[in-house]
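K.L.:
The structure follows.
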Amino acid sequence: MDHRTAIPKRTLHNLDYQLICDRLAALARTDLGARAVGAPSFYSGLGRVQLELDLTTEMVGLWNRGQKPPMGGIKDVTALVVAGSKDRVLEAEEILEVADCVRGIWLIRAFVDSNADDTPLVFELSSACPDMDDFHDQLYALFDPKAAWLIAPPRS
């Protein structure tokens with residue numbers, strides 16, 4: 001059996017499961033999406049499966065009406081955030097990478113908020129994310145386009 005599913009490995013092989021996952025990962029627009037597709041988890045409870053189907057149906061409805069969520073800039077910045085929360089000072093490029101991710105999350109939340117009437121389940125899920133207001137703008141304001149500090153960083 002595959003460690004992620006209760007489906008026997010032979011069945012997954014016969015269905016070209018890994019080939020399909022690899023092709024979907026190649027089409028992903030973000031690093032996180034590619035990793036999620038490459039190692040999907042399957043839900044065993046009918047309620048959870050139905051919720052995922054309903055969430056997907058809401059987003060497909062928006063997509064079919066030509067409303068596509070903004071996905072730019074979102075990548076896994078966990079290692080940078082962890083490093084910054086310890087004793088390491090992040091370089092300007094690293095801070096901008098985190099700012100890009102924050103901005104991407106903010107844009108998706110704004111997109112979902114503006115479509116709340118059409119996607120109540122997605123809106124409910126999105127509302128659990130913190131409202132970052134203009135935090136990403138504040139981060140960008142510290143740098144020029146070449147990632148050089150506009151304001152001298154604090155000295156320790």
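Residue numbering restarts at 1 in every chain; chains get A, B, ... in the order shown in the structure tokens, and ligands count up from 1 in that same order.
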Taking 4 positions as the minimum chain separation for residues in the same chain, which residues sit within 10 Å of segment 59-61 of chain A when counting only C-alpha atoms? Answer as number ranges by chain.
P.N.:
A: 54-55, 65-69, 112, 115, 118-119, 121-122
K.L.:
Store the residues picked out above in a file with N, CA and C atoms, as an mmCIF file, in the first residue's frame.
P.N.:
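New file part-v2.cif:
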```
data_model
loop_
_atom_site.group_PDB
_atom_site.id
_atom_site.type_symbol
_atom_site.label_atom_id
_atom_site.label_comp_id
_atom_site.auth_asym_id
_atom_site.auth_seq_id
_atom_site.Cartn_x
_atom_site.Cartn_y
_atom_site.Cartn_z
ATOM 1 N N ASP A 54 -17.035 20.665 -2.832
ATOM 2 C CA ASP A 54 -17.798 21.923 -2.834
ATOM 3 C C ASP A 54 -16.873 23.129 -3.006
ATOM 4 N N LEU A 55 -15.724 23.127 -2.325
ATOM 5 C CA LEU A 55 -14.754 24.211 -2.470
ATOM 6 C C LEU A 55 -14.256 24.291 -3.916
ATOM 7 N N ARG A 65 -16.279 31.828 -15.188
ATOM 8 C CA ARG A 65 -16.765 33.188 -15.466
ATOM 9 C C ARG A 65 -15.603 34.143 -15.773
ATOM 10 N N GLY A 66 -14.401 33.573 -15.896
ATOM 11 C CA GLY A 66 -13.240 34.380 -16.252
ATOM 12 C C GLY A 66 -12.571 35.059 -15.073
ATOM 13 N N GLN A 67 -12.943 34.708 -13.873
ATOM 14 C CA GLN A 67 -12.340 35.296 -12.680
ATOM 15 C C GLN A 67 -11.323 34.310 -12.112
ATOM 16 N N LYS A 68 -10.061 34.600 -12.347
ATOM 17 C CA LYS A 68 -8.994 33.703 -11.909
ATOM 18 C C LYS A 68 -8.245 34.324 -10.739
ATOM 19 N N PRO A 69 -8.011 33.538 -9.700
ATOM 20 C CA PRO A 69 -7.303 34.088 -8.540
ATOM 21 C C PRO A 69 -5.862 34.435 -8.882
ATOM 22 N N VAL A 112 -10.806 36.598 -2.925
ATOM 23 C CA VAL A 112 -11.865 35.788 -2.318
ATOM 24 C C VAL A 112 -12.885 36.687 -1.627
ATOM 25 N N ASN A 115 -15.375 38.137 -3.911
ATOM 26 C CA ASN A 115 -16.286 37.154 -4.501
ATOM 27 C C ASN A 115 -17.006 36.336 -3.430
ATOM 28 N N ASP A 118 -20.401 34.600 -4.155
ATOM 29 C CA ASP A 118 -20.372 33.454 -5.062
ATOM 30 C C ASP A 118 -19.618 32.258 -4.493
ATOM 31 N N THR A 119 -18.778 32.500 -3.498
ATOM 32 C CA THR A 119 -17.946 31.424 -2.941
ATOM 33 C C THR A 119 -17.977 31.452 -1.410
ATOM 34 N N LEU A 121 -18.073 29.126 0.879
ATOM 35 C CA LEU A 121 -17.191 28.182 1.564
ATOM 36 C C LEU A 121 -15.738 28.608 1.465
ATOM 37 N N VAL A 122 -15.327 29.053 0.279
ATOM 38 C CA VAL A 122 -13.958 29.535 0.103
ATOM 39 C C VAL A 122 -13.750 30.788 0.954
#
```
K.L.:
Grab the atom CA of Glu52 of chain A to atom CA of Val102 of chain A distance for me, in Å with one decimal place.
P.N.:
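These atoms are spaced 24.7 Å apart.
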K.L.:
At a cut-off of 12 Å, using only C-alpha atoms, what residues contact Leu32 of chain A? Leave out same-chain residues fewer than 6 positions from it and give the result as a PyMOL selection string.
P.N.:
chain A and resi 25-26+38-40+71-78+101
K.L.:
Please, could you write that set of residues out with N, CA and C atoms as a PDB file, in the first residue's frame?
P.N.:
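The result, written out as result03.pdb:
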```pdb
ATOM      1  N   ALA A  25       1.946  18.434 -11.373  1.00  0.00           N
ATOM      2  CA  ALA A  25       2.947  19.250 -10.683  1.00  0.00           C
ATOM      3  C   ALA A  25       3.658  20.179 -11.661  1.00  0.00           C
ATOM      4  N   ALA A  26       3.903  19.689 -12.875  1.00  0.00           N
ATOM      5  CA  ALA A  26       4.565  20.524 -13.883  1.00  0.00           C
ATOM      6  C   ALA A  26       3.691  21.708 -14.296  1.00  0.00           C
ATOM      7  N   GLY A  38       2.333  16.727  -6.005  1.00  0.00           N
ATOM      8  CA  GLY A  38       3.291  15.630  -6.039  1.00  0.00           C
ATOM      9  C   GLY A  38       3.118  14.635  -4.911  1.00  0.00           C
ATOM     10  N   ALA A  39       2.497  15.056  -3.829  1.00  0.00           N
ATOM     11  CA  ALA A  39       2.288  14.176  -2.681  1.00  0.00           C
ATOM     12  C   ALA A  39       0.903  14.429  -2.087  1.00  0.00           C
ATOM     13  N   PRO A  40      -0.147  14.136  -2.859  1.00  0.00           N
ATOM     14  CA  PRO A  40      -1.498  14.424  -2.357  1.00  0.00           C
ATOM     15  C   PRO A  40      -1.878  13.499  -1.206  1.00  0.00           C
ATOM     16  N   MET A  71      -2.061  34.394  -8.453  1.00  0.00           N
ATOM     17  CA  MET A  71      -1.210  33.401  -7.792  1.00  0.00           C
ATOM     18  C   MET A  71       0.255  33.803  -7.743  1.00  0.00           C
ATOM     19  N   GLY A  72       0.615  34.944  -8.260  1.00  0.00           N
ATOM     20  CA  GLY A  72       2.012  35.331  -8.329  1.00  0.00           C
ATOM     21  C   GLY A  72       2.656  35.539  -6.971  1.00  0.00           C
ATOM     22  N   GLY A  73       3.911  35.130  -6.860  1.00  0.00           N
ATOM     23  CA  GLY A  73       4.709  35.412  -5.675  1.00  0.00           C
ATOM     24  C   GLY A  73       4.594  34.421  -4.544  1.00  0.00           C
ATOM     25  N   ILE A  74       3.617  33.546  -4.591  1.00  0.00           N
ATOM     26  CA  ILE A  74       3.439  32.627  -3.472  1.00  0.00           C
ATOM     27  C   ILE A  74       4.416  31.478  -3.595  1.00  0.00           C
ATOM     28  N   LYS A  75       5.225  31.335  -2.580  1.00  0.00           N
ATOM     29  CA  LYS A  75       6.164  30.215  -2.503  1.00  0.00           C
ATOM     30  C   LYS A  75       6.392  29.923  -1.038  1.00  0.00           C
ATOM     31  N   ASP A  76       7.046  28.842  -0.775  1.00  0.00           N
ATOM     32  CA  ASP A  76       7.278  28.435   0.609  1.00  0.00           C
ATOM     33  C   ASP A  76       8.437  29.246   1.182  1.00  0.00           C
ATOM     34  N   VAL A  77       8.132  30.153   2.085  1.00  0.00           N
ATOM     35  CA  VAL A  77       9.155  30.986   2.720  1.00  0.00           C
ATOM     36  C   VAL A  77       9.347  30.594   4.188  1.00  0.00           C
ATOM     37  N   THR A  78       8.900  29.403   4.522  1.00  0.00           N
ATOM     38  CA  THR A  78       8.990  28.935   5.907  1.00  0.00           C
ATOM     39  C   THR A  78      10.417  29.014   6.445  1.00  0.00           C
ATOM     40  N   CYS A 101       5.592  36.888  -1.055  1.00  0.00           N
ATOM     41  CA  CYS A 101       4.678  35.852  -0.595  1.00  0.00           C
ATOM     42  C   CYS A 101       3.516  36.467   0.182  1.00  0.00           C
TER      43      CYS A 101
END
```
